[in-house]
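Participant: Hey, dropping structure_34.cif in here, mmCIF, C-alpha atoms:
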data_final
#
loop_
_atom_site.group_PDB
_atom_site.id
_atom_site.type_symbol
_atom_site.label_atom_id
_atom_site.label_comp_id
_atom_site.auth_asym_id
_atom_site.auth_seq_id
_atom_site.Cartn_x
_atom_site.Cartn_y
_atom_site.Cartn_z
ATOM 1 C CA MET M 1 -34.620 -41.445 -39.360
ATOM 2 C CA PRO M 2 -31.351 -40.066 -40.811
ATOM 3 C CA GLU M 3 -28.320 -40.170 -38.531
ATOM 4 C CA THR M 4 -27.833 -36.405 -38.868
ATOM 5 C CA VAL M 5 -31.339 -35.704 -37.588
ATOM 6 C CA LYS M 6 -30.810 -38.115 -34.681
ATOM 7 C CA MET M 7 -27.595 -36.334 -33.737
ATOM 8 C CA ILE M 8 -29.311 -32.956 -33.830
ATOM 9 C CA LEU M 9 -32.149 -34.230 -31.640
ATOM 10 C CA VAL M 10 -29.738 -35.776 -29.138
ATOM 11 C CA LEU M 11 -27.645 -32.611 -28.939
ATOM 12 C CA THR M 12 -30.774 -30.499 -28.541
ATOM 13 C CA LEU M 13 -31.992 -32.755 -25.721
ATOM 14 C CA ILE M 14 -28.607 -32.619 -23.953
ATOM 15 C CA SER M 15 -28.453 -28.827 -24.288
ATOM 16 C CA GLY M 16 -31.981 -28.499 -22.914
ATOM 17 C CA LEU M 17 -31.240 -30.697 -19.918
ATOM 18 C CA ALA M 18 -28.004 -28.801 -19.235
ATOM 19 C CA SER M 19 -29.857 -25.486 -19.347
ATOM 20 C CA LEU M 20 -32.494 -26.780 -16.942
ATOM 21 C CA GLY M 21 -29.764 -28.014 -14.606
ATOM 22 C CA LEU M 22 -27.979 -24.657 -14.618
ATOM 23 C CA SER M 23 -31.233 -22.803 -14.024
ATOM 24 C CA ALA M 24 -32.076 -25.032 -11.069
ATOM 25 C CA PHE M 25 -28.557 -24.614 -9.644
ATOM 26 C CA ASN M 26 -28.722 -20.817 -9.974
ATOM 27 C CA ALA M 27 -32.157 -20.707 -8.365
ATOM 28 C CA HIS M 28 -30.842 -22.790 -5.455
ATOM 29 C CA THR M 29 -27.628 -20.822 -4.871
ATOM 30 C CA MET M 30 -28.863 -17.270 -5.554
ATOM 31 C CA PRO M 31 -30.444 -16.747 -2.084
ATOM 32 C CA PHE M 32 -27.161 -17.786 -0.433
ATOM 33 C CA ILE M 33 -25.142 -15.449 -2.670
ATOM 34 C CA GLN M 34 -27.485 -12.549 -1.953
ATOM 35 C CA GLU M 35 -27.355 -13.195 1.789
ATOM 36 C CA ASN M 36 -23.545 -13.317 1.737
ATOM 37 C CA GLU M 37 -23.460 -10.007 -0.141
ATOM 38 C CA ARG M 38 -25.899 -8.476 2.359
ATOM 39 C CA GLN M 39 -23.797 -9.604 5.312
ATOM 40 C CA TYR M 40 -20.643 -8.235 3.698
ATOM 41 C CA THR M 41 -22.349 -4.885 3.131
ATOM 42 C CA LEU M 42 -23.541 -4.787 6.744
ATOM 43 C CA ARG M 43 -20.035 -5.513 8.039
ATOM 44 C CA SER M 44 -18.679 -2.695 5.882
ATOM 45 C CA ILE M 45 -21.368 -0.284 7.104
ATOM 46 C CA LYS M 46 -20.504 -1.124 10.719
ATOM 47 C CA LYS M 47 -16.906 -0.105 10.055
ATOM 48 C CA ALA M 48 -17.895 2.986 8.067
ATOM 49 C CA ILE M 49 -20.229 4.328 10.783
ATOM 50 C CA PRO M 50 -18.410 3.529 14.036
ATOM 51 C CA GLY M 51 -19.773 4.427 17.462
ATOM 52 C CA THR M 52 -16.918 6.673 18.529
ATOM 53 C CA ASP M 53 -16.021 10.358 18.315
ATOM 54 C CA LYS M 54 -12.516 9.448 17.162
ATOM 55 C CA PRO M 55 -12.969 6.785 14.462
ATOM 56 C CA ASN M 56 -9.943 4.686 13.599
ATOM 57 C CA PRO M 57 -10.056 2.264 10.640
ATOM 58 C CA CYS M 58 -7.263 0.255 12.280
ATOM 59 C CA ALA M 59 -9.352 -0.553 15.372
ATOM 60 C CA GLU M 60 -12.533 -2.565 15.802
ATOM 61 C CA THR M 61 -15.314 -0.590 17.494
ATOM 62 C CA ALA M 62 -19.009 -1.058 18.066
ATOM 63 C CA PRO M 63 -21.213 0.382 15.318
ATOM 64 C CA GLY M 64 -22.745 3.796 15.852
ATOM 65 C CA PHE M 65 -26.277 2.634 15.069
ATOM 66 C CA ASP M 66 -28.904 0.246 16.353
ATOM 67 C CA ASN M 67 -31.116 0.047 13.268
ATOM 68 C CA ARG M 68 -30.726 -1.967 10.059
ATOM 69 C CA PRO M 69 -29.094 0.464 7.598
ATOM 70 C CA ASP M 70 -29.580 -1.966 4.712
ATOM 71 C CA GLN M 71 -33.319 -1.593 5.303
ATOM 72 C CA ASP M 72 -33.088 2.181 5.718
ATOM 73 C CA ALA M 73 -31.294 3.201 2.544
ATOM 74 C CA VAL M 74 -32.249 6.036 0.246
ATOM 75 C CA CYS M 75 -31.501 6.318 -3.473
ATOM 76 C CA VAL M 76 -30.155 9.704 -4.549
ATOM 77 C CA GLN M 77 -29.621 10.084 -8.291
ATOM 78 C CA GLY M 78 -28.294 6.578 -8.702
ATOM 79 C CA THR M 79 -26.310 6.599 -5.456
ATOM 80 C CA THR M 80 -27.222 4.359 -2.513
ATOM 81 C CA VAL M 81 -26.963 6.037 0.887
ATOM 82 C CA TYR M 82 -27.316 3.824 3.973
ATOM 83 C CA ARG M 83 -28.601 5.620 7.073
ATOM 84 C CA GLY M 84 -27.360 4.709 10.528
ATOM 85 C CA ARG M 85 -29.657 5.619 13.426
ATOM 86 C CA HIS M 86 -29.396 5.340 17.191
ATOM 87 C CA ASN M 87 -32.639 5.492 19.175
ATOM 88 C CA GLY M 88 -34.296 6.733 15.993
ATOM 89 C CA GLU M 89 -31.895 9.633 15.522
ATOM 90 C CA LEU M 90 -29.804 9.774 12.359
ATOM 91 C CA LYS M 91 -26.159 9.534 13.401
ATOM 92 C CA GLY M 92 -24.327 9.034 10.129
ATOM 93 C CA VAL M 93 -24.512 7.724 6.599
ATOM 94 C CA ALA M 94 -22.535 5.355 4.408
ATOM 95 C CA VAL M 95 -22.452 6.353 0.756
ATOM 96 C CA VAL M 96 -21.637 3.955 -2.078
ATOM 97 C CA ALA M 97 -19.230 5.872 -4.319
ATOM 98 C CA GLN M 98 -16.970 5.005 -7.210
ATOM 99 C CA GLY M 99 -13.516 6.414 -7.776
ATOM 100 C CA ASP M 100 -12.782 6.746 -11.468
ATOM 101 C CA LYS M 101 -9.564 6.377 -13.435
ATOM 102 C CA ALA M 102 -8.017 3.666 -11.298
ATOM 103 C CA TYR M 103 -5.453 1.324 -12.829
ATOM 104 C CA SER M 104 -8.135 -1.227 -13.638
ATOM 105 C CA GLY M 105 -11.341 0.733 -14.137
ATOM 106 C CA THR M 106 -13.074 1.980 -11.003
ATOM 107 C CA ILE M 107 -12.826 1.439 -7.262
ATOM 108 C CA THR M 108 -16.162 1.027 -5.481
ATOM 109 C CA CYS M 109 -16.124 2.263 -1.896
ATOM 110 C CA LEU M 110 -18.409 2.729 1.048
ATOM 111 C CA ILE M 111 -17.717 6.170 2.506
ATOM 112 C CA GLY M 112 -18.932 6.768 6.045
ATOM 113 C CA LEU M 113 -19.815 10.379 6.821
ATOM 114 C CA SER M 114 -21.060 12.215 9.888
ATOM 115 C CA LEU M 115 -23.839 14.715 9.231
ATOM 116 C CA ASP M 116 -21.306 17.559 9.067
ATOM 117 C CA GLY M 117 -19.526 15.830 6.183
ATOM 118 C CA LYS M 118 -16.520 14.485 8.057
ATOM 119 C CA VAL M 119 -15.252 11.048 7.035
ATOM 120 C CA THR M 120 -15.918 8.367 9.651
ATOM 121 C CA GLY M 121 -14.751 5.411 7.624
ATOM 122 C CA VAL M 122 -13.642 4.269 4.186
ATOM 123 C CA GLU M 123 -14.292 0.668 3.168
ATOM 124 C CA VAL M 124 -13.332 -0.750 -0.221
ATOM 125 C CA LEU M 125 -16.147 -2.875 -1.629
ATOM 126 C CA LYS M 126 -14.671 -3.792 -4.994
ATOM 127 C CA HIS M 127 -11.516 -3.127 -6.988
ATOM 128 C CA ALA M 128 -9.224 -4.793 -9.490
ATOM 129 C CA GLU M 129 -5.982 -3.034 -8.656
ATOM 130 C CA THR M 130 -2.572 -4.682 -8.835
ATOM 131 C CA PRO M 131 -1.956 -6.952 -5.806
ATOM 132 C CA GLY M 132 0.759 -5.513 -3.598
ATOM 133 C CA LEU M 133 0.491 -2.006 -5.063
ATOM 134 C CA GLY M 134 -2.936 -0.549 -5.764
ATOM 135 C CA ALA M 135 -4.449 -3.129 -3.428
ATOM 136 C CA LYS M 136 -2.772 -1.250 -0.558
ATOM 137 C CA ILE M 137 -5.772 1.098 -0.640
ATOM 138 C CA GLU M 138 -7.392 -1.476 1.647
ATOM 139 C CA ALA M 139 -4.698 -0.953 4.276
ATOM 140 C CA CYS M 140 -6.075 0.840 7.322
ATOM 141 C CA SER M 141 -2.791 2.736 7.771
ATOM 142 C CA TRP M 142 -3.433 4.646 4.524
ATOM 143 C CA ARG M 143 -7.157 5.192 5.035
ATOM 144 C CA ARG M 144 -6.570 6.559 8.546
ATOM 145 C CA GLN M 145 -5.370 9.918 7.202
ATOM 146 C CA LEU M 146 -8.781 10.503 5.595
ATOM 147 C CA VAL M 147 -10.866 9.783 8.688
ATOM 148 C CA GLY M 148 -12.111 12.717 10.754
ATOM 149 C CA LYS M 149 -11.627 15.176 7.898
ATOM 150 C CA GLY M 150 -14.297 17.194 6.136
ATOM 151 C CA PRO M 151 -14.314 18.989 2.760
ATOM 152 C CA ALA M 152 -12.778 22.148 4.261
ATOM 153 C CA ASP M 153 -10.239 20.466 6.553
ATOM 154 C CA MET M 154 -7.669 19.605 3.926
ATOM 155 C CA VAL M 155 -6.831 19.829 0.254
ATOM 156 C CA TRP M 156 -8.308 16.621 -1.154
ATOM 157 C CA LYS M 157 -5.486 15.798 -3.499
ATOM 158 C CA VAL M 158 -2.413 13.658 -3.154
ATOM 159 C CA VAL M 159 0.787 15.420 -2.121
ATOM 160 C CA LYS M 160 2.160 14.857 -5.606
ATOM 161 C CA ASP M 161 -0.681 17.030 -6.955
ATOM 162 C CA GLY M 162 -0.264 19.725 -4.309
ATOM 163 C CA GLY M 163 -2.711 18.280 -1.785
ATOM 164 C CA ASP M 164 -2.582 16.980 1.784
ATOM 165 C CA VAL M 165 -3.106 13.256 1.227
ATOM 166 C CA ASP M 166 -0.045 11.022 1.222
ATOM 167 C CA GLN M 167 -0.225 8.832 -1.857
ATOM 168 C CA ILE M 168 0.541 5.143 -1.724
ATOM 169 C CA SER M 169 4.096 4.559 -2.873
ATOM 170 C CA GLY M 170 3.987 3.241 -6.403
ATOM 171 C CA ALA M 171 0.187 3.558 -6.592
ATOM 172 C CA THR M 172 -0.574 7.250 -6.987
ATOM 173 C CA ILE M 173 -3.352 6.528 -9.478
ATOM 174 C CA SER M 174 -5.159 4.280 -6.988
ATOM 175 C CA SER M 175 -4.787 6.961 -4.319
ATOM 176 C CA ARG M 176 -6.335 9.567 -6.596
ATOM 177 C CA SER M 177 -9.235 7.243 -7.355
ATOM 178 C CA MET M 178 -9.947 6.750 -3.651
ATOM 179 C CA ILE M 179 -9.938 10.493 -3.043
ATOM 180 C CA ASP M 180 -12.324 10.882 -5.977
ATOM 181 C CA ALA M 181 -14.746 8.450 -4.293
ATOM 182 C CA VAL M 182 -14.583 10.356 -0.987
ATOM 183 C CA GLU M 183 -15.223 13.704 -2.658
ATOM 184 C CA LYS M 184 -18.186 12.281 -4.567
ATOM 185 C CA ALA M 185 -19.702 10.969 -1.335
ATOM 186 C CA GLN M 186 -19.216 14.315 0.401
ATOM 187 C CA ALA M 187 -20.830 16.094 -2.562
ATOM 188 C CA VAL M 188 -23.844 13.770 -2.443
ATOM 189 C CA LEU M 189 -24.415 14.570 1.246
ATOM 190 C CA ALA M 190 -23.927 18.302 0.751
ATOM 191 C CA THR M 191 -26.171 18.526 -2.316
ATOM 192 C CA HIS M 192 -28.954 16.139 -1.271
ATOM 193 C CA ARG M 193 -28.908 16.459 2.496
ATOM 194 C CA GLU M 194 -32.670 17.049 2.818
ATOM 195 C CA ARG M 195 -33.571 13.963 0.830
ATOM 196 C CA ILE M 196 -30.973 11.859 2.630
ATOM 197 C CA VAL M 197 -32.314 12.884 6.033
ATOM 198 C CA HIS M 198 -36.033 12.758 5.258
ATOM 199 C CA GLY M 199 -36.366 10.745 2.052
ATOM 200 C CA ARG M 200 -38.302 7.512 1.631
ATOM 201 C CA ALA M 201 -36.332 4.368 2.281
ATOM 202 C CA MET M 202 -36.030 1.973 -0.636
ATOM 203 C CA LYS M 203 -38.292 -1.040 -0.529
ATOM 204 C CA ASP M 204 -36.883 -4.522 -0.001
ATOM 205 C CA GLY M 205 -35.388 -5.681 -3.303
ATOM 206 C CA GLU M 206 -35.500 -2.232 -4.859
ATOM 207 C CA VAL M 207 -32.402 -1.349 -6.900
ATOM 208 C CA CYS M 208 -30.833 2.092 -6.965
ATOM 209 C CA HIS M 209 -30.231 2.547 -10.690
ATOM 210 C CA GLY M 210 -27.204 4.390 -11.959
ATOM 211 C CA GLN M 211 -24.453 2.505 -10.076
#
Can you present the structure in this file as structure tokens?
Facilitator:
Amino acid sequence: MPETVKMILVLTLISGLASLGLSAFNAHTMPFIQENERQYTLRSIKKAIPGTDKPNPCAETAPGFDNRPDQDAVCVQGTTVYRGRHNGELKGVAVVAQGDKAYSGTITCLIGLSLDGKVTGVEVLKHAETPGLGAKIEACSWRRQLVGKGPADMVWKVVKDGGDVDQISGATISSRSMIDAVEKAQAVLATHRERIVHGRAMKDGEVCHGQ
């Protein structure tokens, strides 16, 4: 057998074994990755729907629900809305929303809302902003000014744009993106309230397309 053919066969065999090894590794680790992501989402929901009339993102409080919101989520036009219930009664929701036009793409947030549209919590799920500047959007001291406010309670723009929200020094673009996410979440609740309150919960493993 020519040496070239032998080399091709050997390389093919090595590539095949490597692919099988990677597949086996992914199959083994995927359940752990998914469980870690689920736990992270649950922790964020607990902060977004706190069990207090005066929510404060800078303070740890008990969650305002006793159900499993990750198993009671509804998909509304590509947006996942987690429902928090206490004794079967819907107490609040946590909406996955994306703020556009950030420094590095989009900022994905979990926006907690009471049923009257007031913000109960803002948790950043994913961003790629500049460390030390745009990353300050995760600071509770900045998010606190948004909590307890509804669509009609303030002008949802940064002060620099004539609004009521203090922008982060040196990170106005990130601030605008966060406000964009909050307004999108409030619009989802206002526009699709009936479906959010009474809609069918997504099945286990079901994906809300459009995000």
Participant: When you draw a straight line from atom CA of Val122 of chain M to atom CA of Thr52 of chain M, how long is it in Å?
Facilitator: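 Taking atom CA of Val122 of chain M and atom CA of Thr52 of chain M, their separation equals 14.9 Å.
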Participant: I need the residue set behind the PyMOL selection byres ((chain M and resi 160-171) around 8) for this file; please write it as a list of chain:residue names.
Facilitator: M:Leu133, M:Gly134, M:Lys136, M:Ile137, M:Trp142, M:Gln145, M:Leu146, M:Met154, M:Val155, M:Trp156, M:Lys157, M:Val158, M:Val159, M:Thr172, M:Ile173, M:Ser174, M:Ser175, M:Arg176
Participant: Using all atoms listed in the file, which of M:Gln71, M:Asn87, M:Thr61, M:Ser141 sits nearest Arg200 of chain M?
Facilitator: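 Residue with the minimum atom-to-atom distance to Arg200 of chain M: M:Gln71.
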Participant: Expressed in Å to a single decimal, how great is the separation between atom CA of Ala48 of chain M and atom CA of Gln77 of chain M?
Facilitator: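 Between atom CA of Ala48 of chain M and atom CA of Gln77 of chain M the gap is 21.3 Å.
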Participant: Return as a ChimeraX atom specification the set of residues that the PyMOL selection byres ((chain M and resi 89) around 12) yields on the displayed structure.
Facilitator: /M:64-67,83-88,90-93,115,197-198
Participant: Would you work out the distance separating atom CA of Thr108 of chain M from atom CA of His127 of chain M, expressed in Å to one decimal?
Facilitator: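 Between these atoms lies a distance of 6.4 Å.
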